[in-house]
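Data block for query_30.pdb (PDB, C-alpha atoms):
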MODEL        1
ATOM      1  CA  MET A   1     -44.194 112.447  63.891  1.00  0.00           C
ATOM      2  CA  GLY A   2     -42.454 112.072  67.254  1.00  0.00           C
ATOM      3  CA  LYS A   3     -40.107 114.631  68.713  1.00  0.00           C
ATOM      4  CA  THR A   4     -36.353 114.170  68.787  1.00  0.00           C
ATOM      5  CA  ILE A   5     -34.035 114.903  71.712  1.00  0.00           C
ATOM      6  CA  LEU A   6     -30.261 115.165  71.542  1.00  0.00           C
ATOM      7  CA  VAL A   7     -28.623 113.855  74.741  1.00  0.00           C
ATOM      8  CA  VAL A   8     -24.986 114.942  75.093  1.00  0.00           C
ATOM      9  CA  ASP A   9     -23.009 113.352  77.934  1.00  0.00           C
ATOM     10  CA  ASP A  10     -19.636 111.644  78.109  1.00  0.00           C
ATOM     11  CA  ALA A  11     -21.050 108.988  80.491  1.00  0.00           C
ATOM     12  CA  MET A  12     -22.843 106.192  78.656  1.00  0.00           C
ATOM     13  CA  THR A  13     -24.791 105.283  81.814  1.00  0.00           C
ATOM     14  CA  VAL A  14     -26.299 108.789  81.981  1.00  0.00           C
ATOM     15  CA  ARG A  15     -27.177 108.717  78.270  1.00  0.00           C
ATOM     16  CA  ASN A  16     -28.787 105.291  78.728  1.00  0.00           C
ATOM     17  CA  LEU A  17     -30.801 106.420  81.759  1.00  0.00           C
ATOM     18  CA  ALA A  18     -32.013 109.545  79.947  1.00  0.00           C
ATOM     19  CA  LYS A  19     -32.824 107.460  76.868  1.00  0.00           C
ATOM     20  CA  PHE A  20     -34.790 104.964  78.982  1.00  0.00           C
ATOM     21  CA  ALA A  21     -36.777 107.742  80.693  1.00  0.00           C
ATOM     22  CA  LEU A  22     -37.494 109.751  77.548  1.00  0.00           C
ATOM     23  CA  SER A  23     -38.314 106.758  75.343  1.00  0.00           C
ATOM     24  CA  LYS A  24     -41.296 106.135  77.648  1.00  0.00           C
ATOM     25  CA  GLY A  25     -42.639 109.467  76.381  1.00  0.00           C
ATOM     26  CA  GLY A  26     -42.310 108.347  72.768  1.00  0.00           C
ATOM     27  CA  TYR A  27     -39.297 110.537  72.000  1.00  0.00           C
ATOM     28  CA  THR A  28     -36.532 109.610  69.592  1.00  0.00           C
ATOM     29  CA  ILE A  29     -33.128 109.957  71.239  1.00  0.00           C
ATOM     30  CA  ILE A  30     -29.896 110.885  69.493  1.00  0.00           C
ATOM     31  CA  GLU A  31     -26.717 110.549  71.552  1.00  0.00           C
ATOM     32  CA  ALA A  32     -23.392 112.377  71.551  1.00  0.00           C
ATOM     33  CA  GLU A  33     -20.364 111.994  73.828  1.00  0.00           C
ATOM     34  CA  ASP A  34     -19.148 115.612  73.932  1.00  0.00           C
ATOM     35  CA  GLY A  35     -19.958 119.117  72.719  1.00  0.00           C
ATOM     36  CA  VAL A  36     -18.099 118.755  69.410  1.00  0.00           C
ATOM     37  CA  GLN A  37     -20.042 115.589  68.549  1.00  0.00           C
ATOM     38  CA  GLY A  38     -23.233 117.219  69.879  1.00  0.00           C
ATOM     39  CA  LEU A  39     -22.953 120.158  67.463  1.00  0.00           C
ATOM     40  CA  LYS A  40     -22.313 117.746  64.581  1.00  0.00           C
ATOM     41  CA  LYS A  41     -25.381 115.628  65.474  1.00  0.00           C
ATOM     42  CA  LEU A  42     -27.486 118.793  65.795  1.00  0.00           C
ATOM     43  CA  GLU A  43     -26.520 119.815  62.251  1.00  0.00           C
ATOM     44  CA  GLU A  44     -27.233 116.324  60.875  1.00  0.00           C
ATOM     45  CA  ASN A  45     -30.661 115.833  62.474  1.00  0.00           C
ATOM     46  CA  SER A  46     -33.917 117.623  63.142  1.00  0.00           C
ATOM     47  CA  VAL A  47     -33.800 118.112  66.934  1.00  0.00           C
ATOM     48  CA  ASP A  48     -36.536 119.541  69.193  1.00  0.00           C
ATOM     49  CA  LEU A  49     -34.564 119.763  72.471  1.00  0.00           C
ATOM     50  CA  VAL A  50     -30.971 119.379  73.674  1.00  0.00           C
ATOM     51  CA  ILE A  51     -30.043 117.865  77.049  1.00  0.00           C
ATOM     52  CA  SER A  52     -26.369 118.297  77.863  1.00  0.00           C
ATOM     53  CA  ASP A  53     -23.855 117.532  80.562  1.00  0.00           C
ATOM     54  CA  LEU A  54     -21.618 120.400  81.668  1.00  0.00           C
ATOM     55  CA  ASN A  55     -18.204 118.765  82.135  1.00  0.00           C
ATOM     56  CA  MET A  56     -17.119 116.818  79.064  1.00  0.00           C
ATOM     57  CA  PRO A  57     -13.884 116.367  77.099  1.00  0.00           C
ATOM     58  CA  ASN A  58     -13.196 118.294  73.853  1.00  0.00           C
ATOM     59  CA  MET A  59     -15.991 120.863  74.398  1.00  0.00           C
ATOM     60  CA  ASN A  60     -17.959 121.393  77.593  1.00  0.00           C
ATOM     61  CA  GLY A  61     -21.704 121.909  77.785  1.00  0.00           C
ATOM     62  CA  LEU A  62     -21.611 125.692  78.242  1.00  0.00           C
ATOM     63  CA  ASP A  63     -19.398 126.177  75.189  1.00  0.00           C
ATOM     64  CA  MET A  64     -21.615 123.884  73.130  1.00  0.00           C
ATOM     65  CA  CYS A  65     -24.717 125.802  74.259  1.00  0.00           C
ATOM     66  CA  ARG A  66     -23.062 129.140  73.389  1.00  0.00           C
ATOM     67  CA  ASN A  67     -22.404 127.744  69.907  1.00  0.00           C
ATOM     68  CA  ILE A  68     -26.003 126.579  69.562  1.00  0.00           C
ATOM     69  CA  LYS A  69     -27.528 129.866  70.752  1.00  0.00           C
ATOM     70  CA  SER A  70     -25.200 131.986  68.587  1.00  0.00           C
ATOM     71  CA  ASN A  71     -26.533 130.244  65.463  1.00  0.00           C
ATOM     72  CA  GLU A  72     -29.663 132.015  64.197  1.00  0.00           C
ATOM     73  CA  LYS A  73     -31.110 128.648  63.138  1.00  0.00           C
ATOM     74  CA  TYR A  74     -31.070 127.380  66.751  1.00  0.00           C
ATOM     75  CA  LYS A  75     -31.646 130.570  68.746  1.00  0.00           C
ATOM     76  CA  ALA A  76     -35.005 129.267  70.036  1.00  0.00           C
ATOM     77  CA  MET A  77     -33.715 125.708  70.714  1.00  0.00           C
ATOM     78  CA  PRO A  78     -34.686 124.623  74.255  1.00  0.00           C
ATOM     79  CA  ILE A  79     -31.678 123.335  76.188  1.00  0.00           C
ATOM     80  CA  PHE A  80     -31.561 121.505  79.538  1.00  0.00           C
ATOM     81  CA  MET A  81     -28.302 121.154  81.454  1.00  0.00           C
ATOM     82  CA  LEU A  82     -28.030 117.811  83.256  1.00  0.00           C
ATOM     83  CA  THR A  83     -25.005 117.964  85.536  1.00  0.00           C
ATOM     84  CA  THR A  84     -23.422 117.284  88.910  1.00  0.00           C
ATOM     85  CA  GLU A  85     -22.531 121.011  89.060  1.00  0.00           C
ATOM     86  CA  ALA A  86     -24.846 122.689  91.549  1.00  0.00           C
ATOM     87  CA  SER A  87     -22.998 126.028  91.726  1.00  0.00           C
ATOM     88  CA  GLN A  88     -25.330 129.037  91.504  1.00  0.00           C
ATOM     89  CA  GLU A  89     -22.626 130.960  89.636  1.00  0.00           C
ATOM     90  CA  VAL A  90     -22.337 128.363  86.874  1.00  0.00           C
ATOM     91  CA  ALA A  91     -26.131 127.967  86.702  1.00  0.00           C
ATOM     92  CA  LEU A  92     -26.403 131.745  86.262  1.00  0.00           C
ATOM     93  CA  GLN A  93     -23.945 131.601  83.370  1.00  0.00           C
ATOM     94  CA  GLY A  94     -26.147 128.925  81.839  1.00  0.00           C
ATOM     95  CA  LYS A  95     -29.245 131.059  82.251  1.00  0.00           C
ATOM     96  CA  GLU A  96     -27.495 134.000  80.559  1.00  0.00           C
ATOM     97  CA  ILE A  97     -26.642 131.756  77.607  1.00  0.00           C
ATOM     98  CA  GLY A  98     -30.281 130.698  77.374  1.00  0.00           C
ATOM     99  CA  ILE A  99     -30.346 127.310  79.078  1.00  0.00           C
ATOM    100  CA  MET A 100     -33.940 126.659  80.071  1.00  0.00           C
ATOM    101  CA  ALA A 101     -33.506 124.142  82.911  1.00  0.00           C
ATOM    102  CA  TRP A 102     -30.664 123.142  85.224  1.00  0.00           C
ATOM    103  CA  ILE A 103     -31.108 119.571  86.459  1.00  0.00           C
ATOM    104  CA  VAL A 104     -28.647 118.240  89.032  1.00  0.00           C
ATOM    105  CA  LYS A 105     -27.532 114.586  88.855  1.00  0.00           C
ATOM    106  CA  PRO A 106     -28.526 112.131  90.057  1.00  0.00           C
ATOM    107  CA  PHE A 107     -31.871 112.889  88.460  1.00  0.00           C
ATOM    108  CA  VAL A 108     -35.276 111.243  88.776  1.00  0.00           C
ATOM    109  CA  PRO A 109     -36.107 109.808  85.329  1.00  0.00           C
ATOM    110  CA  ASP A 110     -39.851 110.558  85.552  1.00  0.00           C
ATOM    111  CA  LYS A 111     -39.163 114.172  86.566  1.00  0.00           C
ATOM    112  CA  LEU A 112     -36.885 114.598  83.547  1.00  0.00           C
ATOM    113  CA  LEU A 113     -39.623 113.191  81.316  1.00  0.00           C
ATOM    114  CA  GLY A 114     -42.192 115.542  82.892  1.00  0.00           C
ATOM    115  CA  ALA A 115     -39.965 118.583  82.371  1.00  0.00           C
ATOM    116  CA  VAL A 116     -39.370 117.650  78.725  1.00  0.00           C
ATOM    117  CA  GLN A 117     -43.104 117.107  78.134  1.00  0.00           C
ATOM    118  CA  LYS A 118     -43.851 120.575  79.560  1.00  0.00           C
ATOM    119  CA  VAL A 119     -41.409 122.215  77.178  1.00  0.00           C
ATOM    120  CA  ILE A 120     -41.885 120.333  73.882  1.00  0.00           C
ATOM    121  CA  GLY A 121     -45.044 118.301  74.403  1.00  0.00           C
ATOM    122  CA  SER A 122     -45.249 114.622  73.549  1.00  0.00           C
TER     123      SER A 122
ENDMDL
END

Can you give me the file's structure in the form of structure tokens?
Amino acid sequence: MGKTILVVDDAMTVRNLAKFALSKGGYTIIEAEDGVQGLKKLEENSVDLVISDLNMPNMNGLDMCRNIKSNEKYKAMPIFMLTTEASQEVALQGKEIGIMAWIVKPFVPDKLLGAVQKVIGS
């Protein structure tokens, strides 16, 4: 069975680009528009990796990731942050939470796919 990735971003164009890139690797993509919706989709589905934006309405990416990592069920969940935020300070906060990769937008679709394949296989 294929692997499933949850892509959380308030910009539909970013979700579509990530979906296009990752679908080439045979992954199933579930989409959410913010952290609140992302947590709900995570609970409703079997997810192998989360890719999240940082700045979103309702709940930002760091808060969503804190919620994910504080749940024993998801402690080992790999998370990538896909954001325009290039600040070392914010990236360090992400690393402390347990975010595995910090990818700055605009991203190269094939590089995103390669990073995902390294972490969860195909």

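Using all atoms listed in the file, the nearest neighbour of A:Gly26 within the list A:Val47, A:Ile5, A:Val14, A:Met81 is A:Ile5.
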
Item to complete: Excluding A:Asp48 and any residue of its chain fewer than 2 positions from it, enumerate the residues within 9 Å of it, using all atoms listed in the file, and give them as a list in words.
Response: Lys3, Thr4, Ile5, Leu6, Ser46, Val50, Met77, Pro78 and Ile120 of chain A

Discussion item. Expand the PyMOL selection byres ((chain A and resi 110) around 12) into the explicit residue set it covers here, and present it as a count of residues only.
Written reply: 19

Would you list the contacts of A:Gln88 as an mmCIF file with C-alpha atoms, keeping the file's coordinate frame, taking every protein, DNA or RNA residue within 12 Å and counting all atoms listed in the file, but skipping same-chain residues closer than 5 positions in sequence?
data_model
loop_
_atom_site.group_PDB
_atom_site.id
_atom_site.type_symbol
_atom_site.label_atom_id
_atom_site.label_comp_id
_atom_site.auth_asym_id
_atom_site.auth_seq_id
_atom_site.Cartn_x
_atom_site.Cartn_y
_atom_site.Cartn_z
ATOM 1 C CA GLN A 93 -23.945 131.601 83.370
ATOM 2 C CA GLY A 94 -26.147 128.925 81.839
ATOM 3 C CA LYS A 95 -29.245 131.059 82.251
ATOM 4 C CA TRP A 102 -30.664 123.142 85.224
ATOM 5 C CA VAL A 104 -28.647 118.240 89.032
#

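Considering the residues A:Asn60, A:Ser87, A:Ser70, A:Thr13 and counting only C-alpha atoms, A:Gly38 has its shortest atom-to-atom contact with A:Asn60.
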
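Distances from A:Leu54, A:Gly35, A:Thr84, A:Lys105 to A:Asn67 were compared using all atoms listed in the file, and the smallest one belongs to A:Gly35.
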
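When all atoms listed in the file are used to compute distances to A:Ile30, the closest of the residues A:Val7, A:Met12, A:Met100, A:Gly61 turns out to be A:Val7.
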
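Going from atom CA of A:Ile79 over to atom CA of A:Ile99, you cover 5.1 Å.
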
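The interatomic distance for the pair atom CA of A:Asp53 and atom CA of A:Thr83 works out to 5.1 Å.
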
Fill in: Pairwise distance for atom CA of A:Glu31 and atom CA of A:Val8, rounded to one decimal in Å
5.9 Å

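Each of A:Ala91, A:Ala86, A:Leu49, A:Asn58 was compared to A:Pro106 using only C-alpha atoms, and A:Ala86 turns out to be the nearest.
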
For the point (-33.0, 119.3, 81.0) in file coordinates, what residues are within 6 Å, counting only C-alpha atoms? Give the answer as a CSV table (one decimal) with C-alpha atoms, in the frame of the given file?
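Output file result29.csv follows:
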chain,number,residue,atom,x,y,z
A,51,ILE,CA,-30.0,117.9,77.0
A,80,PHE,CA,-31.6,121.5,79.5
A,81,MET,CA,-28.3,121.2,81.5
A,82,LEU,CA,-28.0,117.8,83.3
A,101,ALA,CA,-33.5,124.1,82.9
A,103,ILE,CA,-31.1,119.6,86.5

If the box runs along x, y and z of the file and leaves 8 Å on each side of stretch 66-77 of chain A, what are its centre and edge lengths in Å, one decimal, as JSON?
{"center_x": -28.7, "center_y": 128.9, "center_z": 68.3, "size_x": 28.6, "size_y": 22.3, "size_z": 26.3}

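Among the candidates A:Glu33, A:Ile97, A:Ser122, A:Lys40, the residue lying nearest to A:Ala76 is A:Ile97 (atoms considered: all atoms listed in the file).
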
Incomplete stretch 7-33 of chain A filled out to N, CA, C and O atoms as a PDB file, keeping the file's coordinate frame:
ATOM      1  N   VAL A   7     -29.196 114.005  73.399  1.00  0.00           N
ATOM      2  CA  VAL A   7     -28.623 113.855  74.741  1.00  0.00           C
ATOM      3  C   VAL A   7     -27.108 113.818  74.594  1.00  0.00           C
ATOM      4  O   VAL A   7     -26.560 112.926  73.939  1.00  0.00           O
ATOM      5  N   VAL A   8     -26.434 114.816  75.212  1.00  0.00           N
ATOM      6  CA  VAL A   8     -24.986 114.942  75.093  1.00  0.00           C
ATOM      7  C   VAL A   8     -24.369 114.751  76.478  1.00  0.00           C
ATOM      8  O   VAL A   8     -24.563 115.579  77.373  1.00  0.00           O
ATOM      9  N   ASP A   9     -23.650 113.640  76.653  1.00  0.00           N
ATOM     10  CA  ASP A   9     -23.009 113.352  77.934  1.00  0.00           C
ATOM     11  C   ASP A   9     -21.889 112.356  77.680  1.00  0.00           C
ATOM     12  O   ASP A   9     -22.069 111.420  76.900  1.00  0.00           O
ATOM     13  N   ASP A  10     -20.751 112.557  78.325  1.00  0.00           N
ATOM     14  CA  ASP A  10     -19.636 111.644  78.109  1.00  0.00           C
ATOM     15  C   ASP A  10     -19.823 110.314  78.847  1.00  0.00           C
ATOM     16  O   ASP A  10     -19.114 109.353  78.572  1.00  0.00           O
ATOM     17  N   ALA A  11     -20.790 110.232  79.756  1.00  0.00           N
ATOM     18  CA  ALA A  11     -21.050 108.988  80.491  1.00  0.00           C
ATOM     19  C   ALA A  11     -22.177 108.200  79.822  1.00  0.00           C
ATOM     20  O   ALA A  11     -23.319 108.664  79.757  1.00  0.00           O
ATOM     21  N   MET A  12     -21.848 107.023  79.325  1.00  0.00           N
ATOM     22  CA  MET A  12     -22.843 106.192  78.656  1.00  0.00           C
ATOM     23  C   MET A  12     -24.000 105.843  79.592  1.00  0.00           C
ATOM     24  O   MET A  12     -25.147 105.776  79.159  1.00  0.00           O
ATOM     25  N   THR A  13     -23.725 105.637  80.875  1.00  0.00           N
ATOM     26  CA  THR A  13     -24.791 105.283  81.814  1.00  0.00           C
ATOM     27  C   THR A  13     -25.827 106.413  81.924  1.00  0.00           C
ATOM     28  O   THR A  13     -27.023 106.144  82.003  1.00  0.00           O
ATOM     29  N   VAL A  14     -25.369 107.654  81.915  1.00  0.00           N
ATOM     30  CA  VAL A  14     -26.299 108.789  81.981  1.00  0.00           C
ATOM     31  C   VAL A  14     -27.118 108.866  80.693  1.00  0.00           C
ATOM     32  O   VAL A  14     -28.333 109.062  80.723  1.00  0.00           O
ATOM     33  N   ARG A  15     -26.447 108.693  79.551  1.00  0.00           N
ATOM     34  CA  ARG A  15     -27.177 108.717  78.270  1.00  0.00           C
ATOM     35  C   ARG A  15     -28.222 107.605  78.240  1.00  0.00           C
ATOM     36  O   ARG A  15     -29.356 107.819  77.817  1.00  0.00           O
ATOM     37  N   ASN A  16     -27.849 106.419  78.724  1.00  0.00           N
ATOM     38  CA  ASN A  16     -28.787 105.291  78.728  1.00  0.00           C
ATOM     39  C   ASN A  16     -29.973 105.547  79.649  1.00  0.00           C
ATOM     40  O   ASN A  16     -31.113 105.225  79.300  1.00  0.00           O
ATOM     41  N   LEU A  17     -29.718 106.128  80.821  1.00  0.00           N
ATOM     42  CA  LEU A  17     -30.801 106.420  81.759  1.00  0.00           C
ATOM     43  C   LEU A  17     -31.751 107.479  81.181  1.00  0.00           C
ATOM     44  O   LEU A  17     -32.972 107.336  81.259  1.00  0.00           O
ATOM     45  N   ALA A  18     -31.183 108.507  80.574  1.00  0.00           N
ATOM     46  CA  ALA A  18     -32.013 109.545  79.947  1.00  0.00           C
ATOM     47  C   ALA A  18     -32.815 108.941  78.789  1.00  0.00           C
ATOM     48  O   ALA A  18     -34.008 109.209  78.634  1.00  0.00           O
ATOM     49  N   LYS A  19     -32.161 108.110  78.004  1.00  0.00           N
ATOM     50  CA  LYS A  19     -32.824 107.460  76.868  1.00  0.00           C
ATOM     51  C   LYS A  19     -33.984 106.592  77.348  1.00  0.00           C
ATOM     52  O   LYS A  19     -35.080 106.631  76.788  1.00  0.00           O
ATOM     53  N   PHE A  20     -33.754 105.816  78.410  1.00  0.00           N
ATOM     54  CA  PHE A  20     -34.790 104.964  78.982  1.00  0.00           C
ATOM     55  C   PHE A  20     -35.984 105.811  79.430  1.00  0.00           C
ATOM     56  O   PHE A  20     -37.134 105.505  79.122  1.00  0.00           O
ATOM     57  N   ALA A  21     -35.708 106.889  80.166  1.00  0.00           N
ATOM     58  CA  ALA A  21     -36.777 107.742  80.693  1.00  0.00           C
ATOM     59  C   ALA A  21     -37.556 108.419  79.568  1.00  0.00           C
ATOM     60  O   ALA A  21     -38.792 108.442  79.572  1.00  0.00           O
ATOM     61  N   LEU A  22     -36.839 108.962  78.600  1.00  0.00           N
ATOM     62  CA  LEU A  22     -37.494 109.751  77.548  1.00  0.00           C
ATOM     63  C   LEU A  22     -38.169 108.880  76.494  1.00  0.00           C
ATOM     64  O   LEU A  22     -39.147 109.297  75.883  1.00  0.00           O
ATOM     65  N   SER A  23     -37.675 107.675  76.298  1.00  0.00           N
ATOM     66  CA  SER A  23     -38.314 106.758  75.343  1.00  0.00           C
ATOM     67  C   SER A  23     -39.726 106.408  75.798  1.00  0.00           C
ATOM     68  O   SER A  23     -40.607 106.158  74.976  1.00  0.00           O
ATOM     69  N   LYS A  24     -39.947 106.405  77.119  1.00  0.00           N
ATOM     70  CA  LYS A  24     -41.296 106.135  77.648  1.00  0.00           C
ATOM     71  C   LYS A  24     -42.287 107.203  77.191  1.00  0.00           C
ATOM     72  O   LYS A  24     -43.479 106.953  77.146  1.00  0.00           O
ATOM     73  N   GLY A  25     -41.787 108.382  76.869  1.00  0.00           N
ATOM     74  CA  GLY A  25     -42.639 109.467  76.381  1.00  0.00           C
ATOM     75  C   GLY A  25     -42.785 109.456  74.871  1.00  0.00           C
ATOM     76  O   GLY A  25     -43.408 110.351  74.298  1.00  0.00           O
ATOM     77  N   GLY A  26     -42.191 108.462  74.217  1.00  0.00           N
ATOM     78  CA  GLY A  26     -42.310 108.347  72.768  1.00  0.00           C
ATOM     79  C   GLY A  26     -41.298 109.179  71.993  1.00  0.00           C
ATOM     80  O   GLY A  26     -41.422 109.338  70.777  1.00  0.00           O
ATOM     81  N   TYR A  27     -40.292 109.708  72.670  1.00  0.00           N
ATOM     82  CA  TYR A  27     -39.297 110.537  72.000  1.00  0.00           C
ATOM     83  C   TYR A  27     -38.229 109.684  71.330  1.00  0.00           C
ATOM     84  O   TYR A  27     -37.891 108.605  71.798  1.00  0.00           O
ATOM     85  N   THR A  28     -37.684 110.209  70.245  1.00  0.00           N
ATOM     86  CA  THR A  28     -36.532 109.610  69.592  1.00  0.00           C
ATOM     87  C   THR A  28     -35.301 110.258  70.211  1.00  0.00           C
ATOM     88  O   THR A  28     -35.250 111.482  70.359  1.00  0.00           O
ATOM     89  N   ILE A  29     -34.318 109.452  70.571  1.00  0.00           N
ATOM     90  CA  ILE A  29     -33.128 109.957  71.239  1.00  0.00           C
ATOM     91  C   ILE A  29     -31.915 109.800  70.326  1.00  0.00           C
ATOM     92  O   ILE A  29     -31.665 108.728  69.789  1.00  0.00           O
ATOM     93  N   ILE A  30     -31.179 110.893  70.191  1.00  0.00           N
ATOM     94  CA  ILE A  30     -29.896 110.885  69.493  1.00  0.00           C
ATOM     95  C   ILE A  30     -28.851 111.151  70.559  1.00  0.00           C
ATOM     96  O   ILE A  30     -29.035 112.020  71.417  1.00  0.00           O
ATOM     97  N   GLU A  31     -27.735 110.419  70.516  1.00  0.00           N
ATOM     98  CA  GLU A  31     -26.717 110.549  71.552  1.00  0.00           C
ATOM     99  C   GLU A  31     -25.418 111.109  71.002  1.00  0.00           C
ATOM    100  O   GLU A  31     -25.058 110.861  69.850  1.00  0.00           O
ATOM    101  N   ALA A  32     -24.727 111.880  71.858  1.00  0.00           N
ATOM    102  CA  ALA A  32     -23.392 112.377  71.551  1.00  0.00           C
ATOM    103  C   ALA A  32     -22.569 112.327  72.829  1.00  0.00           C
ATOM    104  O   ALA A  32     -23.111 112.444  73.930  1.00  0.00           O
ATOM    105  N   GLU A  33     -21.249 112.169  72.676  1.00  0.00           N
ATOM    106  CA  GLU A  33     -20.364 111.994  73.828  1.00  0.00           C
ATOM    107  C   GLU A  33     -19.705 113.281  74.312  1.00  0.00           C
ATOM    108  O   GLU A  33     -19.121 113.306  75.393  1.00  0.00           O
TER     109      GLU A  33
END
